Every structure is written in structure tokens, then in C-alpha cells.
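J.: My structure file start23.cif, mmCIF, C-alpha atoms and all ligand atoms, is below:
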data_upload
loop_
_atom_site.group_PDB
_atom_site.id
_atom_site.type_symbol
_atom_site.label_atom_id
_atom_site.label_comp_id
_atom_site.auth_asym_id
_atom_site.auth_seq_id
_atom_site.Cartn_x
_atom_site.Cartn_y
_atom_site.Cartn_z
ATOM 1 C CA MET J 124 -33.085 106.871 164.565
ATOM 2 C CA ILE J 125 -32.082 110.038 162.797
ATOM 3 C CA ALA J 126 -34.509 112.247 161.003
ATOM 4 C CA LEU J 127 -33.880 112.066 157.286
ATOM 5 C CA ASP J 128 -35.504 115.406 156.789
ATOM 6 C CA ALA J 129 -32.537 117.300 158.091
ATOM 7 C CA VAL J 130 -32.765 120.906 157.131
ATOM 8 C CA ALA J 131 -30.362 121.760 154.375
ATOM 9 C CA ARG J 132 -29.837 125.017 152.628
ATOM 10 C CA GLU J 133 -27.452 126.205 150.022
ATOM 11 C CA ARG J 134 -24.771 128.668 150.910
ATOM 12 C CA GLU J 135 -22.751 130.617 148.388
ATOM 13 C CA ASN J 136 -19.415 128.847 148.126
ATOM 14 C CA ASP J 137 -18.980 126.597 151.075
ATOM 15 C CA GLY J 138 -21.290 123.744 150.287
ATOM 16 C CA LEU J 139 -24.512 122.383 151.641
ATOM 17 C CA LEU J 140 -25.214 123.207 155.240
ATOM 18 C CA VAL J 141 -26.919 120.418 157.144
ATOM 19 C CA SER J 142 -28.334 120.892 160.600
ATOM 20 C CA ASP J 143 -31.070 119.507 162.799
ATOM 21 C CA ILE J 144 -29.808 116.018 163.437
ATOM 22 C CA GLU J 145 -32.600 114.692 165.607
ATOM 23 C CA GLU J 146 -32.374 116.087 169.111
ATOM 24 C CA ALA J 147 -33.265 112.858 170.916
ATOM 25 C CA TYR J 148 -30.447 111.109 169.098
ATOM 26 C CA CYS J 149 -27.999 113.878 169.976
ATOM 27 C CA SER J 150 -28.808 113.800 173.669
ATOM 28 C CA LYS J 151 -28.381 110.031 173.694
ATOM 29 C CA GLU J 152 -25.011 110.407 171.966
ATOM 30 C CA MET J 153 -23.917 113.019 174.490
ATOM 31 C CA ASN J 154 -24.014 110.263 177.125
ATOM 32 C CA HIS J 155 -21.753 108.024 175.109
ATOM 33 C CA VAL J 156 -18.579 107.027 176.924
ATOM 34 C CA TYR J 157 -15.619 107.228 174.566
ATOM 35 C CA ALA J 158 -12.433 105.223 174.796
ATOM 36 C CA PRO J 159 -9.250 107.208 175.532
ATOM 37 C CA CYS J 160 -7.708 109.024 172.554
ATOM 38 C CA SER J 161 -5.849 106.582 170.317
ATOM 39 C CA PHE J 162 -3.191 109.217 169.577
ATOM 40 C CA CYS J 163 -2.327 110.615 172.988
ATOM 41 C CA ARG J 164 -4.438 108.541 175.428
ATOM 42 C CA GLY J 165 -6.106 111.764 176.542
ATOM 43 C CA GLU J 166 -9.635 111.871 177.890
ATOM 44 C CA VAL J 167 -12.313 112.012 175.168
ATOM 45 C CA VAL J 168 -15.397 113.996 176.130
ATOM 46 C CA PRO J 169 -18.733 114.389 174.279
ATOM 47 C CA LYS J 170 -19.136 117.685 172.448
ATOM 48 C CA TYR J 171 -21.057 119.165 169.556
ATOM 49 C CA ILE J 172 -18.790 119.966 166.658
ATOM 50 C CA ARG J 173 -18.968 121.135 163.065
ATOM 51 C CA HIS J 174 -17.972 118.423 160.628
ATOM 52 C CA THR J 175 -17.368 118.685 156.896
ATOM 53 C CA TYR J 176 -17.968 115.742 154.608
ATOM 54 C CA HIS J 177 -17.006 115.458 150.950
ATOM 55 C CA TRP J 178 -19.202 113.356 148.740
ATOM 56 C CA ASN J 179 -19.172 113.210 144.929
ATOM 57 C CA GLY J 180 -17.523 116.586 144.622
ATOM 58 C CA GLN J 181 -20.050 118.181 146.954
ATOM 59 C CA LEU J 182 -19.140 119.573 150.324
ATOM 60 C CA PHE J 183 -21.545 118.986 153.201
ATOM 61 C CA ILE J 184 -21.183 120.963 156.380
ATOM 62 C CA PHE J 185 -22.804 119.351 159.386
ATOM 63 C CA GLU J 186 -23.592 121.579 162.330
ATOM 64 C CA ASP J 187 -23.863 120.369 165.915
ATOM 65 C CA VAL J 188 -22.715 116.814 165.340
ATOM 66 C CA PRO J 189 -22.348 114.808 168.550
ATOM 67 C CA ALA J 190 -18.752 113.620 168.781
ATOM 68 C CA GLY J 191 -16.076 112.725 171.264
ATOM 69 C CA VAL J 192 -13.264 115.268 171.395
ATOM 70 C CA CYS J 193 -9.890 114.645 173.015
ATOM 71 C CA VAL J 194 -9.210 117.256 175.692
ATOM 72 C CA GLN J 195 -5.469 117.095 174.997
ATOM 73 C CA CYS J 196 -5.006 116.985 171.212
ATOM 74 C CA GLY J 197 -8.494 117.834 169.949
ATOM 75 C CA GLU J 198 -8.904 114.699 167.845
ATOM 76 C CA ALA J 199 -12.591 114.039 167.165
ATOM 77 C CA TYR J 200 -14.232 110.632 167.248
ATOM 78 C CA PHE J 201 -17.653 109.644 165.962
ATOM 79 C CA THR J 202 -19.665 106.606 166.881
ATOM 80 C CA VAL J 203 -20.467 104.213 164.033
ATOM 81 C CA GLU J 204 -24.097 105.230 164.369
ATOM 82 C CA THR J 205 -23.249 108.895 163.885
ATOM 83 C CA VAL J 206 -21.112 108.165 160.824
ATOM 84 C CA LYS J 207 -23.961 106.141 159.342
ATOM 85 C CA THR J 208 -26.374 108.930 160.157
ATOM 86 C CA MET J 209 -24.286 111.486 158.312
ATOM 87 C CA GLU J 210 -23.884 109.132 155.346
ATOM 88 C CA ARG J 211 -27.620 108.583 155.240
ATOM 89 C CA ILE J 212 -28.292 112.316 155.237
ATOM 90 C CA VAL J 213 -25.676 112.871 152.522
ATOM 91 C CA LEU J 214 -27.177 110.118 150.371
ATOM 92 C CA SER J 215 -30.671 111.491 150.880
ATOM 93 C CA LYS J 216 -29.412 114.842 149.558
ATOM 94 C CA THR J 217 -27.721 113.360 146.503
ATOM 95 C CA ARG J 218 -30.428 111.372 144.820
ATOM 96 C CA PRO J 219 -29.713 110.749 141.138
ATOM 97 C CA GLU J 220 -32.554 112.981 140.005
ATOM 98 C CA ARG J 221 -30.874 115.931 141.632
ATOM 99 C CA THR J 222 -28.154 117.851 139.887
ATOM 100 C CA ILE J 223 -24.932 118.109 141.786
ATOM 101 C CA ARG J 224 -21.645 119.645 140.868
ATOM 102 C CA VAL J 225 -18.755 117.253 140.332
ATOM 103 C CA TRP J 226 -15.208 118.481 140.014
ATOM 104 C CA ALA J 227 -12.588 116.547 138.136
ATOM 105 C CA PRO J 228 -9.541 115.818 140.285
HETATM 106 ZN ZN ZN R 1 -5.628 113.012 171.950
#
Have the structure of the file written as C-alpha cells, please.
Ligand SMILES: [Zn+2]

T.:
Amino acid sequence: MIALDAVARERENDGLLVSDIEEAYCSKEMNHVYAPCSFCRGEVVPKYIRHTYHWNGQLFIFEDVPAGVCVQCGEAYFTVETVKTMERIVLSKTRPERTIRVWAP
């Protein structure tokens, strides 16, 4: 269970910085065994990475996201739970009553 009260703060031009995904969750994820890389069949090892996420014209920058990273090609993999966690945090930061910037394509 991820904390929904992830710390977020505005930064000048590069979006909303989100950190503090619950530590207990992260340490559990760091024990996840990933399948071999689907691109190069390389070994995928757990690591903390920075991940950017676009939502409704807003850029979210997640720090220290538990992921599996291929040692050969660097492809990153997230568990379904981690993807859902990031989505939940993004949604919690974009409630309708809050004003967000939306760019036309
Ligand atoms: Zn690979």
C-alpha cells in the first residue's frame, strides 16, 4: 500500500516533483524477481530510477521509483503495482478543483 501523501513540490519548468513513495513498499519491490529483458534477454535487476510521467499536459517526475533495469540495454520495467501506485499519486495530484496547465497538441 502506497502512501497517497507523497511529497510533491513545484519546480520552475520541469514539472511536479514527486518523491517519498512509501519505503516499506519500495523495499518489498526491491526483492521482486523480474523476467529477462524482452528486448535482449539480458538480466533485469531491481534499481531505483527516476521516471517521468505525462498526465493531462502536466509532467510528473518521480524520484526513487523501484524498477527492474536490464543490465545490457538499460530498458526499465515496472511491476503492475508500481504503475498503479504512480497513477494513483498522479490522480491524487490532479483533482478537478486544482488548476493545472494543459497544452494543446
Ligand atoms: Zn535488455

J.: Find the spatial neighbours of segment 160-172 of chain J, counting only C-alpha atoms, within a cut-off of 6 Å - ignore same-chain residues fewer than 3 positions away - and output them as a ChimeraX atom specification.

T.: /J:153,157,187-195

J.: Could you work out an axis-aligned bounding box for all listed atoms of segment 146-164 of chain J, with 8 Å added on each of the six sides, and give its centre and edge lengths in Å to one decimal, as lines of an AutoDock Vina configuration file?

T.:
center_x = -17.8
center_y = 110.7
center_z = 173.1
size_x = 46.9
size_y = 26.9
size_z = 24.0

J.: Given the file shown, determine the residues that the PyMOL selection byres (((chain J and resi 180-184) around 6) and not hetatm) selects; report them as a list in words.

T.: Gly138, Leu139, Leu140, Val141, His174, Thr175, Tyr176, His177, Trp178, Asn179, Phe185, Val225 and Trp226 of chain J

J.: Could you tell me which of J:Ala199, J:Met209, J:Lys216, J:Glu204 comes closest to ligand ZN 1 (chain R) if we count only C-alpha atoms and all ligand atoms?

T.: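 When distances to ligand ZN 1 (chain R) are compared using only C-alpha atoms and all ligand atoms, the smallest one comes from J:Ala199.
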
J.: Measure the distance from atom CA of Lys151 of chain J to atom CA of Glu198 of chain J in Å and round it to one decimal.

T.: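 So the answer is 20.9 Å.
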
J.: Which of these residues is nearest to ligand ZN 1 (chain R), using only C-alpha atoms and all ligand atoms: J:Cys196, J:Glu152, J:Ala158, J:Ile212?

T.: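 Of J:Cys196, J:Glu152, J:Ala158, J:Ile212, the one nearest ligand ZN 1 (chain R), counting only C-alpha atoms and all ligand atoms, is J:Cys196.
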
J.: For a test of reading the model, state the distance in Å between atom CA of Thr208 of chain J and atom CA of Asn154 of chain J, rounded to one decimal.

T.: 17.2 Å

J.: Between atom CA of Ser215 of chain J and atom CA of Gly197 of chain J, what is the spacing in Å?

T.: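 Interatomic distance, atom CA of Gly197 of chain J to atom CA of Ser215 of chain J: 29.9 Å.
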
J.: With all atoms listed in the file as the basis for distance, which of J:Lys207, J:Ala147, J:Arg173, J:Pro159 is at the shortest distance from ligand ZN 1 (chain R)?

T.: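 Distance minimum relative to ligand ZN 1 (chain R) lands on J:Pro159.
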
J.: Pick the closest to ligand ZN 1 (chain R) from J:Leu214, J:Tyr200, J:Val206, J:Glu145: which is it, counting only C-alpha atoms and all ligand atoms?

T.: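 Using only C-alpha atoms and all ligand atoms, the shortest distance to ligand ZN 1 (chain R) belongs to J:Tyr200.
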
J.: Could you model N, CA and C atoms for segment 155-176 of chain J and present them as a PDB file, keeping the file's coordinate frame?

T.:
ATOM      1  N   HIS J 155     -22.643 109.102 175.526  1.00  0.00           N
ATOM      2  CA  HIS J 155     -21.753 108.024 175.109  1.00  0.00           C
ATOM      3  C   HIS J 155     -20.402 108.150 175.819  1.00  0.00           C
ATOM      4  N   VAL J 156     -19.892 107.020 176.287  1.00  0.00           N
ATOM      5  CA  VAL J 156     -18.579 107.027 176.924  1.00  0.00           C
ATOM      6  C   VAL J 156     -17.538 106.599 175.890  1.00  0.00           C
ATOM      7  N   TYR J 157     -16.618 107.496 175.590  1.00  0.00           N
ATOM      8  CA  TYR J 157     -15.619 107.228 174.566  1.00  0.00           C
ATOM      9  C   TYR J 157     -14.365 106.619 175.179  1.00  0.00           C
ATOM     10  N   ALA J 158     -13.720 105.791 174.375  1.00  0.00           N
ATOM     11  CA  ALA J 158     -12.433 105.223 174.796  1.00  0.00           C
ATOM     12  C   ALA J 158     -11.392 106.351 174.797  1.00  0.00           C
ATOM     13  N   PRO J 159     -10.298 106.175 175.545  1.00  0.00           N
ATOM     14  CA  PRO J 159      -9.250 107.208 175.532  1.00  0.00           C
ATOM     15  C   PRO J 159      -8.730 107.443 174.114  1.00  0.00           C
ATOM     16  N   CYS J 160      -8.209 108.638 173.868  1.00  0.00           N
ATOM     17  CA  CYS J 160      -7.708 109.024 172.554  1.00  0.00           C
ATOM     18  C   CYS J 160      -6.652 108.029 172.075  1.00  0.00           C
ATOM     19  N   SER J 161      -6.796 107.576 170.820  1.00  0.00           N
ATOM     20  CA  SER J 161      -5.849 106.582 170.317  1.00  0.00           C
ATOM     21  C   SER J 161      -4.522 107.217 169.912  1.00  0.00           C
ATOM     22  N   PHE J 162      -4.458 108.548 169.889  1.00  0.00           N
ATOM     23  CA  PHE J 162      -3.191 109.217 169.577  1.00  0.00           C
ATOM     24  C   PHE J 162      -2.396 109.542 170.834  1.00  0.00           C
ATOM     25  N   CYS J 163      -3.084 110.133 171.820  1.00  0.00           N
ATOM     26  CA  CYS J 163      -2.327 110.615 172.988  1.00  0.00           C
ATOM     27  C   CYS J 163      -2.836 110.033 174.302  1.00  0.00           C
ATOM     28  N   ARG J 164      -3.833 109.155 174.239  1.00  0.00           N
ATOM     29  CA  ARG J 164      -4.438 108.541 175.428  1.00  0.00           C
ATOM     30  C   ARG J 164      -5.134 109.563 176.316  1.00  0.00           C
ATOM     31  N   GLY J 165      -5.392 110.743 175.778  1.00  0.00           N
ATOM     32  CA  GLY J 165      -6.106 111.764 176.542  1.00  0.00           C
ATOM     33  C   GLY J 165      -7.567 111.397 176.739  1.00  0.00           C
ATOM     34  N   GLU J 166      -8.208 112.112 177.635  1.00  0.00           N
ATOM     35  CA  GLU J 166      -9.635 111.871 177.890  1.00  0.00           C
ATOM     36  C   GLU J 166     -10.462 112.412 176.721  1.00  0.00           C
ATOM     37  N   VAL J 167     -11.445 111.616 176.290  1.00  0.00           N
ATOM     38  CA  VAL J 167     -12.313 112.012 175.168  1.00  0.00           C
ATOM     39  C   VAL J 167     -13.692 112.321 175.734  1.00  0.00           C
ATOM     40  N   VAL J 168     -14.123 113.571 175.550  1.00  0.00           N
ATOM     41  CA  VAL J 168     -15.397 113.996 176.130  1.00  0.00           C
ATOM     42  C   VAL J 168     -16.399 114.330 175.019  1.00  0.00           C
ATOM     43  N   PRO J 169     -17.707 114.096 175.295  1.00  0.00           N
ATOM     44  CA  PRO J 169     -18.733 114.389 174.279  1.00  0.00           C
ATOM     45  C   PRO J 169     -18.881 115.898 174.069  1.00  0.00           C
ATOM     46  N   LYS J 170     -18.974 116.275 172.819  1.00  0.00           N
ATOM     47  CA  LYS J 170     -19.136 117.685 172.448  1.00  0.00           C
ATOM     48  C   LYS J 170     -19.903 117.756 171.143  1.00  0.00           C
ATOM     49  N   TYR J 171     -20.474 118.921 170.874  1.00  0.00           N
ATOM     50  CA  TYR J 171     -21.057 119.165 169.556  1.00  0.00           C
ATOM     51  C   TYR J 171     -20.008 119.867 168.706  1.00  0.00           C
ATOM     52  N   ILE J 172     -19.783 119.348 167.531  1.00  0.00           N
ATOM     53  CA  ILE J 172     -18.790 119.966 166.658  1.00  0.00           C
ATOM     54  C   ILE J 172     -19.378 120.188 165.262  1.00  0.00           C
ATOM     55  N   ARG J 173     -18.635 120.969 164.474  1.00  0.00           N
ATOM     56  CA  ARG J 173     -18.968 121.135 163.065  1.00  0.00           C
ATOM     57  C   ARG J 173     -18.094 120.168 162.283  1.00  0.00           C
ATOM     58  N   HIS J 174     -18.717 119.428 161.375  1.00  0.00           N
ATOM     59  CA  HIS J 174     -17.972 118.423 160.628  1.00  0.00           C
ATOM     60  C   HIS J 174     -18.249 118.585 159.136  1.00  0.00           C
ATOM     61  N   THR J 175     -17.188 118.597 158.348  1.00  0.00           N
ATOM     62  CA  THR J 175     -17.368 118.685 156.896  1.00  0.00           C
ATOM     63  C   THR J 175     -17.161 117.317 156.273  1.00  0.00           C
ATOM     64  N   TYR J 176     -17.895 117.067 155.204  1.00  0.00           N
ATOM     65  CA  TYR J 176     -17.968 115.742 154.608  1.00  0.00           C
ATOM     66  C   TYR J 176     -17.996 115.936 153.101  1.00  0.00           C
TER      67      TYR J 176
END
